[in-house]
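Next up, entry.pdb (PDB, C-alpha atoms, pLDDT in the B column):
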```
ATOM      1  CA  MET A 216      30.144 -35.790 -28.238  1.00 58.00           C
ATOM      2  CA  GLU A 217      33.398 -36.502 -26.410  1.00 77.00           C
ATOM      3  CA  GLU A 218      33.355 -36.717 -22.623  1.00 87.00           C
ATOM      4  CA  THR A 219      35.013 -33.796 -20.881  1.00 91.00           C
ATOM      5  CA  LEU A 220      37.372 -34.225 -17.944  1.00 92.00           C
ATOM      6  CA  PHE A 221      34.655 -32.846 -15.666  1.00 94.00           C
ATOM      7  CA  VAL A 222      32.187 -35.525 -16.796  1.00 94.00           C
ATOM      8  CA  LYS A 223      34.863 -38.235 -16.629  1.00 93.00           C
ATOM      9  CA  THR A 224      35.607 -37.200 -13.048  1.00 93.00           C
ATOM     10  CA  PHE A 225      32.065 -36.808 -11.721  1.00 94.00           C
ATOM     11  CA  GLY A 226      30.114 -39.214 -13.920  1.00 92.00           C
ATOM     12  CA  ASN A 227      27.917 -39.028 -16.962  1.00 92.00           C
ATOM     13  CA  SER A 228      24.697 -38.137 -15.155  1.00 95.00           C
ATOM     14  CA  PRO A 229      22.257 -35.657 -16.689  1.00 96.00           C
ATOM     15  CA  PHE A 230      22.789 -33.279 -13.750  1.00 96.00           C
ATOM     16  CA  ILE A 231      26.566 -33.245 -14.281  1.00 96.00           C
ATOM     17  CA  ARG A 232      26.231 -32.984 -18.061  1.00 96.00           C
ATOM     18  CA  ILE A 233      24.053 -29.865 -17.760  1.00 97.00           C
ATOM     19  CA  ILE A 234      26.508 -28.249 -15.334  1.00 97.00           C
ATOM     20  CA  ASP A 235      29.401 -29.203 -17.599  1.00 96.00           C
ATOM     21  CA  PHE A 236      27.641 -27.664 -20.607  1.00 97.00           C
ATOM     22  CA  PHE A 237      27.354 -24.327 -18.808  1.00 97.00           C
ATOM     23  CA  LEU A 238      30.918 -24.490 -17.457  1.00 96.00           C
ATOM     24  CA  ASP A 239      32.142 -24.961 -21.019  1.00 95.00           C
ATOM     25  CA  ASN A 240      29.999 -22.047 -22.226  1.00 96.00           C
ATOM     26  CA  LYS A 241      30.402 -19.548 -19.371  1.00 94.00           C
ATOM     27  CA  LEU A 242      30.051 -16.454 -21.512  1.00 93.00           C
ATOM     28  CA  PHE A 243      26.891 -17.402 -23.376  1.00 96.00           C
ATOM     29  CA  ASP A 244      23.213 -17.792 -22.634  1.00 96.00           C
ATOM     30  CA  PHE A 245      20.893 -20.421 -24.075  1.00 97.00           C
ATOM     31  CA  SER A 246      17.238 -21.316 -24.365  1.00 97.00           C
ATOM     32  CA  LYS A 247      16.119 -24.610 -22.892  1.00 97.00           C
ATOM     33  CA  LYS A 248      15.597 -25.911 -26.418  1.00 97.00           C
ATOM     34  CA  GLU A 249      19.196 -25.070 -27.385  1.00 97.00           C
ATOM     35  CA  ILE A 250      20.552 -26.776 -24.261  1.00 97.00           C
ATOM     36  CA  ILE A 251      18.528 -29.928 -24.900  1.00 97.00           C
ATOM     37  CA  GLU A 252      19.695 -30.058 -28.528  1.00 97.00           C
ATOM     38  CA  GLU A 253      23.346 -29.418 -27.675  1.00 95.00           C
ATOM     39  CA  LEU A 254      23.345 -32.120 -25.009  1.00 95.00           C
ATOM     40  CA  GLY A 255      21.348 -34.590 -27.087  1.00 94.00           C
ATOM     41  CA  MET A 256      19.209 -35.135 -24.015  1.00 96.00           C
ATOM     42  CA  SER A 257      15.534 -35.974 -23.926  1.00 97.00           C
ATOM     43  CA  LYS A 258      13.153 -33.231 -22.815  1.00 97.00           C
ATOM     44  CA  THR A 259      11.874 -35.440 -20.006  1.00 97.00           C
ATOM     45  CA  THR A 260      15.364 -35.977 -18.609  1.00 97.00           C
ATOM     46  CA  PHE A 261      16.289 -32.320 -18.977  1.00 97.00           C
ATOM     47  CA  TYR A 262      13.158 -31.072 -17.216  1.00 97.00           C
ATOM     48  CA  LYS A 263      13.741 -33.558 -14.399  1.00 97.00           C
ATOM     49  CA  TYR A 264      17.114 -31.964 -13.487  1.00 97.00           C
ATOM     50  CA  PHE A 265      17.134 -28.389 -14.769  1.00 97.00           C
ATOM     51  CA  PRO A 266      14.768 -26.873 -12.159  1.00 97.00           C
ATOM     52  CA  ALA A 267      17.085 -27.974  -9.331  1.00 97.00           C
ATOM     53  CA  LEU A 268      20.004 -26.138 -10.965  1.00 97.00           C
ATOM     54  CA  VAL A 269      17.925 -22.975 -11.174  1.00 97.00           C
ATOM     55  CA  GLU A 270      16.710 -23.406  -7.582  1.00 97.00           C
ATOM     56  CA  LEU A 271      20.309 -23.796  -6.369  1.00 96.00           C
ATOM     57  CA  GLY A 272      21.207 -20.614  -8.234  1.00 97.00           C
ATOM     58  CA  ILE A 273      23.786 -22.418 -10.385  1.00 97.00           C
ATOM     59  CA  ILE A 274      21.863 -21.461 -13.516  1.00 97.00           C
ATOM     60  CA  THR A 275      20.043 -18.153 -13.778  1.00 97.00           C
ATOM     61  CA  GLU A 276      17.769 -16.393 -16.222  1.00 96.00           C
ATOM     62  CA  SER A 277      19.804 -13.942 -18.250  1.00 96.00           C
ATOM     63  CA  ARG A 278      17.196 -12.329 -20.485  1.00 96.00           C
ATOM     64  CA  ARG A 279      13.910 -12.814 -22.247  1.00 95.00           C
ATOM     65  CA  PHE A 280      12.735 -12.052 -25.713  1.00 88.00           C
ATOM     66  CA  GLY A 281       9.209 -12.848 -26.750  1.00 93.00           C
ATOM     67  CA  LYS A 282       8.196 -16.082 -25.055  1.00 94.00           C
ATOM     68  CA  THR A 283      11.781 -17.346 -24.878  1.00 95.00           C
ATOM     69  CA  THR A 284      13.840 -17.220 -21.705  1.00 96.00           C
ATOM     70  CA  LEU A 285      17.609 -17.559 -21.919  1.00 97.00           C
ATOM     71  CA  TYR A 286      19.742 -19.048 -19.154  1.00 98.00           C
ATOM     72  CA  LYS A 287      23.394 -18.823 -18.239  1.00 97.00           C
ATOM     73  CA  LEU A 288      25.814 -19.905 -15.562  1.00 97.00           C
ATOM     74  CA  ASN A 289      25.495 -17.739 -12.457  1.00 97.00           C
ATOM     75  CA  LEU A 290      29.106 -16.630 -12.055  1.00 97.00           C
ATOM     76  CA  ASN A 291      28.286 -14.876  -8.759  1.00 97.00           C
ATOM     77  CA  ASN A 292      27.057 -18.057  -7.074  1.00 97.00           C
ATOM     78  CA  PRO A 293      29.567 -19.478  -4.533  1.00 97.00           C
ATOM     79  CA  ILE A 294      28.813 -23.036  -5.709  1.00 97.00           C
ATOM     80  CA  VAL A 295      29.628 -22.053  -9.290  1.00 97.00           C
ATOM     81  CA  LYS A 296      32.869 -20.404  -8.178  1.00 97.00           C
ATOM     82  CA  LYS A 297      33.915 -23.649  -6.457  1.00 97.00           C
ATOM     83  CA  LEU A 298      32.862 -25.733  -9.474  1.00 96.00           C
ATOM     84  CA  MET A 299      35.032 -23.541 -11.710  1.00 96.00           C
ATOM     85  CA  GLU A 300      37.962 -23.963  -9.297  1.00 96.00           C
ATOM     86  CA  ILE A 301      37.439 -27.737  -9.306  1.00 96.00           C
ATOM     87  CA  GLU A 302      37.250 -27.802 -13.100  1.00 95.00           C
ATOM     88  CA  GLU A 303      40.500 -25.820 -13.309  1.00 95.00           C
ATOM     89  CA  TYR A 304      42.172 -28.169 -10.818  1.00 95.00           C
ATOM     90  CA  ILE A 305      41.036 -31.250 -12.778  1.00 95.00           C
ATOM     91  CA  ILE A 306      42.471 -29.807 -15.988  1.00 92.00           C
ATOM     92  CA  LYS A 307      45.798 -28.881 -14.358  1.00 92.00           C
ATOM     93  CA  HIS A 308      46.026 -32.265 -12.657  1.00 90.00           C
ATOM     94  CA  ASN A 309      45.361 -34.042 -15.950  1.00 90.00           C
ATOM     95  CA  ILE A 310      48.058 -32.007 -17.704  1.00 88.00           C
ATOM     96  CA  GLU A 311      50.590 -32.852 -14.984  1.00 86.00           C
ATOM     97  CA  THR A 312      49.637 -36.540 -15.105  1.00 83.00           C
ATOM     98  CA  CYS A 313      50.063 -36.584 -18.885  1.00 84.00           C
ATOM     99  CA  ARG A 314      53.446 -34.860 -18.620  1.00 80.00           C
ATOM    100  CA  LYS A 315      54.651 -37.506 -16.187  1.00 79.00           C
ATOM    101  CA  LYS A 316      53.460 -40.319 -18.467  1.00 77.00           C
ATOM    102  CA  VAL A 317      54.940 -38.922 -21.641  1.00 75.00           C
ATOM    103  CA  LYS A 318      58.678 -38.750 -22.029  1.00 53.00           C
ATOM    104  CA  ILE A 319      59.553 -35.654 -23.927  1.00 51.00           C
ATOM    105  CA  THR A 320      62.284 -36.388 -26.392  1.00 40.00           C
ATOM    106  CA  LYS A 321      64.260 -33.802 -28.182  1.00 38.00           C
ATOM    107  CA  THR A 322      63.916 -34.222 -31.872  1.00 43.00           C
ATOM    108  CA  VAL A 323      66.684 -33.256 -34.199  1.00 40.00           C
ATOM    109  CA  SER A 324      65.540 -31.617 -37.380  1.00 44.00           C
ATOM    110  CA  PRO A 325      67.132 -32.844 -40.625  1.00 53.00           C
ATOM    111  CA  SER A 326      68.662 -29.413 -41.256  1.00 55.00           C
ATOM    112  CA  SER A 327      70.605 -29.399 -37.977  1.00 49.00           C
ATOM    113  CA  ARG A 328      72.587 -32.545 -38.749  1.00 48.00           C
TER     114      ARG A 328
END
```

Would you kindly transcribe this structure into structure tokens?
Amino acid sequence: MEETLFVKTFGNSPFIRIIDFFLDNKLFDFSKKEIIEELGMSKTTFYKYFPALVELGIITESRRFGKTTLYKLNLNNPIVKKLMEIEEYIIKHNIETCRKKVKITKTVSPSSR
């Protein structure tokens, strides 16, 4: 799994990786099992950090079916709103940095000669 700009900026900690996972999947909800599998994280590590994200209101229960509870990013949480703004800023900043580093050259197609 390739590191995202968010993880590169804030570090590859389990806490950040879980937040990043939900930021990248804003529209979807997941079971704990699905999150653990997608992140390739151990259950022990996941359960060490996940409750704090729920307690902070960053992650919220979205629905239940049977014994399974699904979770999603709490888009109404002010912390989440700021995290999304920061993520957007990081992406825009990276694009601008890349543009400055890369010289754009005009290529001439063979047919225009």

Spatial neighbours of Asn289 (chain A), 7 Å, only C-alpha atoms, chain gap at least 5 places, as a PyMOL selection string: chain A and resi 272-275+295

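Between CA of Asp235 (chain A) and CA of Leu220 (chain A) the separation is 9.4 Å.
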
Near-Thr260 (chain A) list (10 Å; all atoms listed in the file; drop same-chain fewer than 6 positions) as an NGL selection string: :A and (229-230 or 251)

Determine the residue set returned by the PyMOL selection byres ((chain A and resi 253-257) around 9) for the present structure, and present it as an mmCIF file with C-alpha atoms, in the coordinates of the input.
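Everything below was put into part-v8.cif:
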```
data_model
loop_
_atom_site.group_PDB
_atom_site.id
_atom_site.type_symbol
_atom_site.label_atom_id
_atom_site.label_comp_id
_atom_site.auth_asym_id
_atom_site.auth_seq_id
_atom_site.Cartn_x
_atom_site.Cartn_y
_atom_site.Cartn_z
ATOM 1 C CA MET A 216 30.144 -35.790 -28.238
ATOM 2 C CA PRO A 229 22.257 -35.657 -16.689
ATOM 3 C CA ARG A 232 26.231 -32.984 -18.061
ATOM 4 C CA ILE A 233 24.053 -29.865 -17.760
ATOM 5 C CA PHE A 236 27.641 -27.664 -20.607
ATOM 6 C CA LYS A 248 15.597 -25.911 -26.418
ATOM 7 C CA GLU A 249 19.196 -25.070 -27.385
ATOM 8 C CA ILE A 250 20.552 -26.776 -24.261
ATOM 9 C CA ILE A 251 18.528 -29.928 -24.900
ATOM 10 C CA GLU A 252 19.695 -30.058 -28.528
ATOM 11 C CA LYS A 258 13.153 -33.231 -22.815
ATOM 12 C CA THR A 259 11.874 -35.440 -20.006
ATOM 13 C CA THR A 260 15.364 -35.977 -18.609
ATOM 14 C CA PHE A 261 16.289 -32.320 -18.977
ATOM 15 C CA TYR A 262 13.158 -31.072 -17.216
#
```

Return as JSON the centre and edge lengths, in Å with one decimal, of the box along x, y and z that encloses every atom of region 276-282 of chain A in the file, padded by 5 Å per side.
```
{"center_x": 14.0, "center_y": -14.2, "center_z": -21.5, "size_x": 21.6, "size_y": 14.3, "size_z": 20.5}
```

Nearest candidate to Ser277 (chain A) (options A:Leu238, A:Leu290, A:Val317, A:Ile306; using all atoms listed in the file):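 Looking only at the distances to Ser277 (chain A), the closest residue turns out to be A:Leu290.
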
Distance of CA of Ile234 (chain A) from CA of Lys282 (chain A), expressed in Å to one decimal place: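 Atom-to-atom, CA of Lys282 (chain A) to CA of Ile234 (chain A), that is 24.0 Å.
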
Residue among A:Glu218, A:Glu311, A:Glu270, A:Asp239 lying closest to Leu298 (chain A), counting only C-alpha atoms: A:Asp239
